[in-house]
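Asks: Questions regarding the structure given below will be posed in turn.
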Protein chains: 2
Amino acid sequence: MKKWEDKKWVSAQRLQVDFNYAMAEFVGEDNGVSNKEIRGLEPRAKTVHNQLLKKRSQGALAFYDLPYEEKEAARLVTAGRKIGRACRNFVVLGIGGSALGGIGLQRALNHPHYNLLSDAERKHRPRLFFADNIDPDGFQGLLDILDLRETVFNVISKSGGTAETMSQFIYVRDRLIKKLGKGGHRSHIVVTTDPEKGRLREIAEREDYLTFPVPAGVGGRFSVLTPVGLLPAAVAGIDISMLLAGARDMDRRCRISNLWKNPAYLNAVLYYLTDTKKGKPIAVMMPYSDALYGVADWFRQLWAESLGKRTDLDGNIVSTGQTPVRALGATDQHSQLQLYMEGPNNKLITFLVVERLRKRIPLPESFADVEGVGYLGGHSLNELITVEQKTTELALTRNKRPNLSIIVPEVNSFTLGQLLFMLEVQTVFAGGLYHINPLDQPGVEEGKQFAYGLMGRKGFEHKAKEFAERPKKSGKYII
Amino acid sequence: MKKWEDKKWVSAQRLQVDFNYAMAEFVGEDNGVSNKEIRGLEPRAKTVHNQLLKKRSQGALAFYDLPYEEKEAARLVTAGRKIGRACRNFVVLGIGGSALGGIGLQRALNHPHYNLLSDAERKHRPRLFFADNIDPDGFQGLLDILDLRETVFNVISKSGGTAETMSQFIYVRDRLIKKLGKGGHRSHIVVTTDPEKGRLREIAEREDYLTFPVPAGVGGRFSVLTPVGLLPAAVAGIDISMLLAGARDMDRRCRISNLWKNPAYLNAVLYYLTDTKKGKPIAVMMPYSDALYGVADWFRQLWAESLGKRTDLDGNIVSTGQTPVRALGATDQHSQLQLYMEGPNNKLITFLVVERLRKRIPLPESFADVEGVGYLGGHSLNELITVEQKTTELALTRNKRPNLSIIVPEVNSFTLGQLLFMLEVQTVFAGGLYHINPLDQPGVEEGKQFAYGLMGRKGFEHKAKEFAERPKKSGKYII
């Protein structure tokens, strides 16, 4: 029996959402959501639910189907194992949605200092790197520590036109050819891209690279459960079948139209209402867990890029979108909490709370005679981090700062699959509430076209000209 | 001649602030600051300037004097070298202001994969770690990869009462004693704390640890130029004398009362006016540089904890404070830019722009026949990241999104010293504009006291009781 077929185990591994402290009963009508306000959204929620069902059945929300691609996952496990055996470094060349999911999985599910472990401790799996920026100092710094003969690069770009990733690719390919000879470079490059279209697909076929598909209809920020996120995870030995099983379990919970029973819908409603009715334009996600900090970063793209829109579906100017902020407990109690407690009451805070950590660190009875230190003895770091989360939550609530907790029984592939899937559904559902398109990103086009123009890409000469004719800066505003 | 005495070199290394695109002329009166508004603040700025001068002369703003502690810096260089020779791992145990400055320096000034370099490549300096959280999985993960016999722990807590750091300390001390015998642990612990007071000072003297002082009157978030930040930097071979020289150079620029000539004051005015008059409660700091991302994180504490205050100096409820957000260029163009361009116009964006990077990565003329890839050949990653910053800046400006650029000629100790010092002065000056106390953090007390109560610290039994009597959560708000 697969673990995820064990009902008792599954039920003990289910995420919970505790939204008590986001409610008006606890933080007042001005800052918290009332029962009545949620009920008032029920008809709208029903409509959005039906729209999602319809889109889903039309294949327009393909991310919903990914958890059921079990055969594809099994193929990825095999491919990942094979690639992992053949190299000592596996480097993702990708940016945004092509990197954030993989980073989140690695950070959550592997050792926190994975790349510093010995080969044996890594079970002879390769070290894993994500080159998600084009800063020459950062990129050269990464190349400094890699022996190219032992390195495989995974070029990830759905469209095949991402300037940053294609630049990294042509540079790395050139270095590989110089080192290993023309043809020798082939086995050092694997490509994840559209199964049919695009320049990277064209190049991969011409050069005969091993390729993996990003299924049609899955955008970058919803691609963590495609080879984009799963291949690096498989290479690093992460149990990707369990990830999909967790996502399937959450999918069942997210098919319920009643938003009081659907954690993704309910979260979306809370964020939407606090943003639009309670003046909270900022959504803080604060895991009390080093492992889940990467998920907060992944969510930051998902929420910002999906919901930050100028126009709604009818063409009205709306300029929607909460600003997502990631914070880390307990660390940021010593950095951001002062502002969250006393500053403007303009945030909804979502804690990610892990009930059972993997390790236990007991505190010895040292310096029992030193007041302010001795009391720690006999406790554990586990107790301390739990206590700090609970007390922060209460202190915020007393200050009328709305907050909710996503409770994760333990961090493993099954719970992570649930968490990622829930946040994806929450995002498209929120898109419905805001009445915007959560799947596009038209706002980044203008900057891109200017960049094409300045980099001399054909057809963008007019943008270079437009750039040159920009309003001139004044020297008096430079000091 | 010291490099910083070379006027020509110094002048080429000076930071500039370009605030054209934060001005109404470029982004309109609704979003940008006008000449008139800045001039309107001049009398107030003069008052604040005089208040700062007075406080400084009274020793109440001791961070101002740190750049002049050249002898102390020389001692730290010697001590750092000695400690560095005696170990293979140097681990900071500290949280918030005890870690963020050190992390920022290391990230900016050492190799991006410093801990993965060989001993020889690190010039036989130790690997450097910052244990700034109490997550047992994260902390145990760090201990997994350390041979305690080769490790020195730097316990940093000004007050000596930081529960997180003291917990880490007593656990590590116990492990060291078990491994090395009582007494054998002494040379593996160095302490940075108040020179006279506090429990950590008391313990350090009792146990005879090597200690370093945090000067009186310097709070955690202003302590990067004390041994808090400088000792780890010195151990890792960073040129801390140049850091101080850079800070001194900036101090000279920040003594000018005319805010049109004082970059720290001018920045503070821009942030203050966009927050209070233009409806921008969010301050994004977006370096186009991997190296400077840690500075954005350090600034996040400085700005949030200093300015996020419930009451002003007269006791009025004001609830001030912009929410600082860090973003990374070019990476976050694929994550946050969509929101910044099209979402609510509620942000002031500060770019950190590096003019000359250390490395150059040229792009080969590959796939010249593939449209959308071929155009990259003959350019460089350096050009691409510069073009992306400039085009993003322009696209934002066209969308009436105010932004400014701090231009860093190159990332080195001298420019970093300038940058950190400028941001510190900017923060205390902004505190004056908001008429709040930028040096305290009363809002975190309540949560701390609850935590003491729950951890059984003497004198906090009433807080445990109060916690137990908190309003009960309802099961219907948990799904």
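To be explicit about the labels: the chains of the structure tokens are called A, B, and onward in the order shown, and within each one the residues are counted from 1, while ligands get numbers from 1 in the order they are shown.
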Could you give me, as a ChimeraX atom specification, the residues within 6 Å of segment 99-111 of chain A, counting only C-alpha atoms and dropping anything in the same chain fewer than 6 positions from it?
Replies: /A:224,229,291-292,294-295,298
Asks: If you run DSSP on the backbone here, which positions in segment 95-279 of chain A get strand (DSSP E)? Please write them as a CSV table (one decimal) with N, CA and C atoms, in the first residue's frame.
Replies:
```csv
chain,number,residue,atom,x,y,z
A,127,ARG,N,25.1,18.1,-6.3
A,127,ARG,CA,24.7,19.4,-5.7
A,127,ARG,C,23.7,20.1,-6.6
A,128,LEU,N,22.9,21.0,-6.0
A,128,LEU,CA,21.9,21.6,-6.8
A,128,LEU,C,22.0,23.1,-6.7
A,129,PHE,N,22.0,23.8,-7.8
A,129,PHE,CA,22.1,25.3,-7.8
A,129,PHE,C,21.0,25.8,-8.8
A,130,PHE,N,20.6,27.0,-8.4
A,130,PHE,CA,19.6,27.7,-9.2
A,130,PHE,C,20.2,29.1,-9.6
A,131,ALA,N,20.6,29.2,-10.9
A,131,ALA,CA,21.1,30.5,-11.4
A,131,ALA,C,20.0,31.3,-11.9
A,151,THR,N,29.2,18.7,-14.6
A,151,THR,CA,28.0,19.6,-14.4
A,151,THR,C,27.0,19.4,-15.5
A,152,VAL,N,25.7,19.3,-15.1
A,152,VAL,CA,24.6,19.4,-16.1
A,152,VAL,C,23.8,20.6,-15.9
A,153,PHE,N,23.5,21.3,-16.9
A,153,PHE,CA,22.7,22.5,-16.9
A,153,PHE,C,21.3,22.2,-17.4
A,154,ASN,N,20.3,22.6,-16.6
A,154,ASN,CA,18.9,22.5,-17.0
A,154,ASN,C,18.4,23.8,-17.4
A,155,VAL,N,18.3,24.0,-18.7
A,155,VAL,CA,17.8,25.3,-19.2
A,155,VAL,C,16.3,25.3,-19.2
A,156,ILE,N,15.7,26.2,-18.5
A,156,ILE,CA,14.2,26.2,-18.3
A,156,ILE,C,13.6,27.5,-18.8
A,189,ILE,N,23.6,19.4,-21.2
A,189,ILE,CA,22.5,20.3,-21.2
A,189,ILE,C,21.2,19.6,-21.4
A,190,VAL,N,20.3,19.8,-20.5
A,190,VAL,CA,18.9,19.3,-20.6
A,190,VAL,C,18.0,20.5,-20.6
A,191,VAL,N,16.9,20.4,-21.4
A,191,VAL,CA,16.1,21.5,-21.6
A,191,VAL,C,14.6,21.2,-21.2
A,192,THR,N,14.0,22.2,-20.5
A,192,THR,CA,12.6,22.1,-20.1
A,192,THR,C,11.9,23.3,-20.8
A,193,THR,N,11.0,23.0,-21.7
A,193,THR,CA,10.4,24.0,-22.5
A,193,THR,C,9.1,23.5,-23.1
A,210,LEU,N,18.5,16.4,-24.5
A,210,LEU,CA,17.4,15.7,-23.8
A,210,LEU,C,16.4,16.8,-23.4
A,211,THR,N,15.1,16.6,-23.6
A,211,THR,CA,14.1,17.6,-23.3
A,211,THR,C,13.0,17.1,-22.4
A,212,PHE,N,12.4,18.0,-21.7
A,212,PHE,CA,11.2,17.8,-20.9
A,212,PHE,C,10.2,18.8,-21.2
A,213,PRO,N,8.9,18.4,-21.2
A,213,PRO,CA,7.9,19.4,-21.6
A,213,PRO,C,7.3,20.2,-20.5
```
Asks: Which is closest to Thr427 of chain A among A:Glu305, A:Asp137, A:Glu388, A:Asp30, if we use only C-alpha atoms?
Replies: A:Glu305
Asks: Can you tell me which residues surround Gln140 of chain A at a distance of at most 9 Å, considering only C-alpha atoms, apart from same-chain residues fewer than 6 positions away, and format the answer as a PyMOL selection string?
Replies: chain B and resi 359-361
Asks: Next, the residues of the selection above should be written as a PDB file, in the first residue's frame with N, CA and C atoms.
Replies:
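Output below, filename part_25.pdb:
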```pdb
ATOM      1  N   LYS B 359      33.175  41.317 -12.648  1.00  0.00           N
ATOM      2  CA  LYS B 359      33.404  40.363 -13.727  1.00  0.00           C
ATOM      3  C   LYS B 359      32.698  40.835 -14.980  1.00  0.00           C
ATOM      4  N   ARG B 360      33.155  40.326 -16.117  1.00  0.00           N
ATOM      5  CA  ARG B 360      32.478  40.607 -17.377  1.00  0.00           C
ATOM      6  C   ARG B 360      32.155  39.276 -18.034  1.00  0.00           C
ATOM      7  N   ILE B 361      30.916  39.115 -18.423  1.00  0.00           N
ATOM      8  CA  ILE B 361      30.520  37.874 -19.098  1.00  0.00           C
ATOM      9  C   ILE B 361      30.032  38.213 -20.497  1.00  0.00           C
TER      10      ILE B 361
END
```
Asks: When you look at Asp135 of chain A with a cut-off of 8 Å (counting only C-alpha atoms), what residues show up, excluding the ones that are within fewer than 5 positions of it in the same chain? I need them as a list of chain:residue names.
Replies: B:Tyr288, B:Ser289, B:Asp290, B:Ala330, B:Leu381, B:Asn382, B:Ile385
Asks: With a distance cut-off of 12 Å and only C-alpha atoms, select the neighbouring residues of Glu70 of chain B, excluding the residue or stretch itself and same-chain residues fewer than 4 positions from it, and output the selection as a list in words.
Replies: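 So the residues in contact are Asp65, Leu66, Ala74, Arg75, Leu76, Val77, Leu225, Thr226, Leu230, Ile240, Ser241, Met242, Leu243, Leu244, Ala245, Ala247 and Arg248 of chain B.
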Asks: Those selected residues, please, written with N, CA and C atoms and delivered as a compact mmCIF listing (two decimals), in the first residue's frame.
Replies:
```txt
# COMPACT_ATOMS: atom_id res chain seq x y z
N ASP B 65 29.68 58.07 15.71
CA ASP B 65 31.10 58.14 16.02
C ASP B 65 31.88 56.90 15.59
N LEU B 66 31.16 55.85 15.24
CA LEU B 66 31.82 54.57 14.96
C LEU B 66 32.86 54.65 13.83
N ALA B 74 41.60 48.42 13.92
CA ALA B 74 42.91 47.76 13.74
C ALA B 74 43.03 46.57 14.69
N ARG B 75 42.56 46.75 15.92
CA ARG B 75 42.59 45.64 16.88
C ARG B 75 41.72 44.47 16.40
N LEU B 76 40.58 44.83 15.82
CA LEU B 76 39.68 43.77 15.32
C LEU B 76 40.31 43.00 14.16
N VAL B 77 41.04 43.71 13.32
CA VAL B 77 41.72 43.03 12.21
C VAL B 77 42.67 41.98 12.76
N LEU B 225 28.82 48.68 12.29
CA LEU B 225 30.21 49.13 12.33
C LEU B 225 30.86 48.98 13.71
N THR B 226 30.26 48.18 14.56
CA THR B 226 30.89 47.78 15.83
C THR B 226 31.39 46.34 15.64
N LEU B 230 31.71 43.88 12.48
CA LEU B 230 33.10 43.95 12.01
C LEU B 230 33.94 42.72 12.36
N ILE B 240 37.99 46.06 6.84
CA ILE B 240 37.09 46.86 7.66
C ILE B 240 37.58 48.30 7.83
N SER B 241 38.87 48.53 7.64
CA SER B 241 39.34 49.92 7.69
C SER B 241 38.74 50.73 6.55
N MET B 242 38.63 50.11 5.40
CA MET B 242 38.04 50.80 4.26
C MET B 242 36.54 51.05 4.46
N LEU B 243 35.89 50.11 5.15
CA LEU B 243 34.48 50.32 5.49
C LEU B 243 34.32 51.60 6.29
N LEU B 244 35.16 51.74 7.31
CA LEU B 244 35.07 52.93 8.16
C LEU B 244 35.43 54.19 7.37
N ALA B 245 36.42 54.08 6.49
CA ALA B 245 36.80 55.24 5.68
C ALA B 245 35.63 55.67 4.81
N ALA B 247 32.47 55.19 5.46
CA ALA B 247 31.47 55.78 6.35
C ALA B 247 31.87 57.21 6.74
N ARG B 248 33.18 57.42 6.97
CA ARG B 248 33.63 58.79 7.30
C ARG B 248 33.38 59.75 6.14
```
Asks: Restricting the calculation to only C-alpha atoms: of B:Gly378, B:Pro126, B:Gly443, B:Gly217, which residue gets closest to chain A?
Replies: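 Among B:Gly378, B:Pro126, B:Gly443, B:Gly217, it is B:Gly443 that comes nearest to chain A.
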Asks: Taking only C-alpha atoms into account, which of B:Asp249, B:Tyr21, B:Lys2, B:Ser157 comes nearest Tyr68 of chain B?
Replies: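 The shortest atom-to-atom distance to Tyr68 of chain B comes from B:Asp249.
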Asks: Mind checking which residues fall within 12 Å of Lys476 of chain B, counting only C-alpha atoms, ignoring those fewer than 4 positions away in the same chain, and posting them as a PyMOL selection string?
Replies: (chain A and resi 16-20+23+35+260-261) or (chain B and resi 472)
Asks: Just to be explicit: take each residue in the selection above, keep N, CA and C atoms, and write the result as a PDB file, in the first residue's frame.
Replies:
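As written to disk, again11.pdb reads:
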```
ATOM      1  N   GLN A  16      -4.378  22.398   8.016  1.00  0.00           N
ATOM      2  CA  GLN A  16      -5.556  23.099   8.520  1.00  0.00           C
ATOM      3  C   GLN A  16      -5.345  24.598   8.379  1.00  0.00           C
ATOM      4  N   VAL A  17      -6.449  25.301   8.174  1.00  0.00           N
ATOM      5  CA  VAL A  17      -6.390  26.764   8.192  1.00  0.00           C
ATOM      6  C   VAL A  17      -7.168  27.242   9.408  1.00  0.00           C
ATOM      7  N   ASP A  18      -6.490  27.971  10.282  1.00  0.00           N
ATOM      8  CA  ASP A  18      -7.112  28.537  11.482  1.00  0.00           C
ATOM      9  C   ASP A  18      -7.221  30.041  11.268  1.00  0.00           C
ATOM     10  N   PHE A  19      -8.441  30.507  11.006  1.00  0.00           N
ATOM     11  CA  PHE A  19      -8.613  31.932  10.678  1.00  0.00           C
ATOM     12  C   PHE A  19      -9.369  32.692  11.764  1.00  0.00           C
ATOM     13  N   ASN A  20      -9.378  32.143  12.971  1.00  0.00           N
ATOM     14  CA  ASN A  20     -10.045  32.830  14.077  1.00  0.00           C
ATOM     15  C   ASN A  20      -9.629  34.292  14.185  1.00  0.00           C
ATOM     16  N   MET A  23     -10.881  37.256  12.174  1.00  0.00           N
ATOM     17  CA  MET A  23     -12.305  37.562  12.260  1.00  0.00           C
ATOM     18  C   MET A  23     -12.567  38.769  13.157  1.00  0.00           C
ATOM     19  N   ASN A  35     -18.545  37.324   9.888  1.00  0.00           N
ATOM     20  CA  ASN A  35     -19.370  36.251   9.368  1.00  0.00           C
ATOM     21  C   ASN A  35     -20.262  36.724   8.227  1.00  0.00           C
ATOM     22  N   TRP A 260     -16.934  27.801   3.210  1.00  0.00           N
ATOM     23  CA  TRP A 260     -16.615  27.548   4.618  1.00  0.00           C
ATOM     24  C   TRP A 260     -15.891  26.212   4.788  1.00  0.00           C
ATOM     25  N   LYS A 261     -15.919  25.401   3.746  1.00  0.00           N
ATOM     26  CA  LYS A 261     -15.293  24.081   3.848  1.00  0.00           C
ATOM     27  C   LYS A 261     -14.101  23.930   2.919  1.00  0.00           C
TER      28      LYS A 261
ATOM     29  N   LYS B 472     -11.008  32.331  23.667  1.00  0.00           N
ATOM     30  CA  LYS B 472     -10.914  31.005  23.053  1.00  0.00           C
ATOM     31  C   LYS B 472     -11.251  31.045  21.567  1.00  0.00           C
TER      32      LYS B 472
END
```
Asks: Pick out the residues sitting within 12 Å of Gln389 of chain A, and hand them over as a JSON list (two decimals) with C-alpha atoms, in the first residue's frame; count only C-alpha atoms, and ignore anything fewer than 5 positions along from it in its own chain.
Replies:
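Saved file around00.json follows:
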```
[["chain", "number", "residue", "atom", "x", "y", "z"],
["A", 286, "MET", "CA", 5.52, 34.39, 7.77],
["A", 287, "PRO", "CA", 6.61, 30.76, 8.16],
["A", 288, "TYR", "CA", 7.97, 29.81, 11.57],
["A", 289, "SER", "CA", 10.17, 27.35, 9.73],
["A", 328, "LEU", "CA", 10.60, 34.55, 8.73],
["A", 329, "GLY", "CA", 9.70, 33.57, 12.28],
["A", 330, "ALA", "CA", 11.22, 33.78, 14.81],
["A", 331, "THR", "CA", 14.00, 35.78, 13.13],
["A", 332, "ASP", "CA", 11.85, 38.66, 11.93],
["A", 333, "GLN", "CA", 10.42, 39.23, 15.39],
["A", 337, "LEU", "CA", 7.45, 42.72, 14.31],
["A", 350, "THR", "CA", -0.45, 34.51, 7.42],
["A", 351, "PHE", "CA", 1.65, 32.29, 9.65],
["A", 352, "LEU", "CA", 2.87, 28.94, 8.39],
["A", 353, "VAL", "CA", 3.06, 26.81, 11.51],
["A", 354, "VAL", "CA", 4.77, 23.42, 11.54],
["A", 355, "GLU", "CA", 3.44, 21.17, 14.28],
["A", 382, "ASN", "CA", 11.18, 23.30, 19.67],
["A", 383, "GLU", "CA", 9.21, 24.64, 22.60],
["A", 384, "LEU", "CA", 10.75, 28.08, 22.22],
["A", 394, "LEU", "CA", -1.80, 36.67, 20.42],
["A", 395, "ALA", "CA", 0.05, 39.96, 20.80],
["A", 396, "LEU", "CA", -0.85, 40.90, 17.22],
["A", 403, "ASN", "CA", -3.79, 37.11, 11.16],
["A", 404, "LEU", "CA", -4.39, 33.50, 10.28],
["A", 405, "SER", "CA", -2.38, 30.31, 10.50],
["A", 407, "ILE", "CA", -1.03, 24.59, 10.14],
["B", 134, "ILE", "CA", 15.94, 28.88, 16.35],
["B", 135, "ASP", "CA", 14.21, 26.44, 14.03],
["B", 447, "GLY", "CA", 4.98, 39.15, 22.91],
["B", 448, "LYS", "CA", 8.32, 38.69, 24.66],
["B", 450, "PHE", "CA", 4.12, 36.27, 27.12],
["B", 451, "ALA", "CA", 6.96, 34.05, 25.88],
["B", 454, "LEU", "CA", 5.18, 30.38, 28.97]]
```
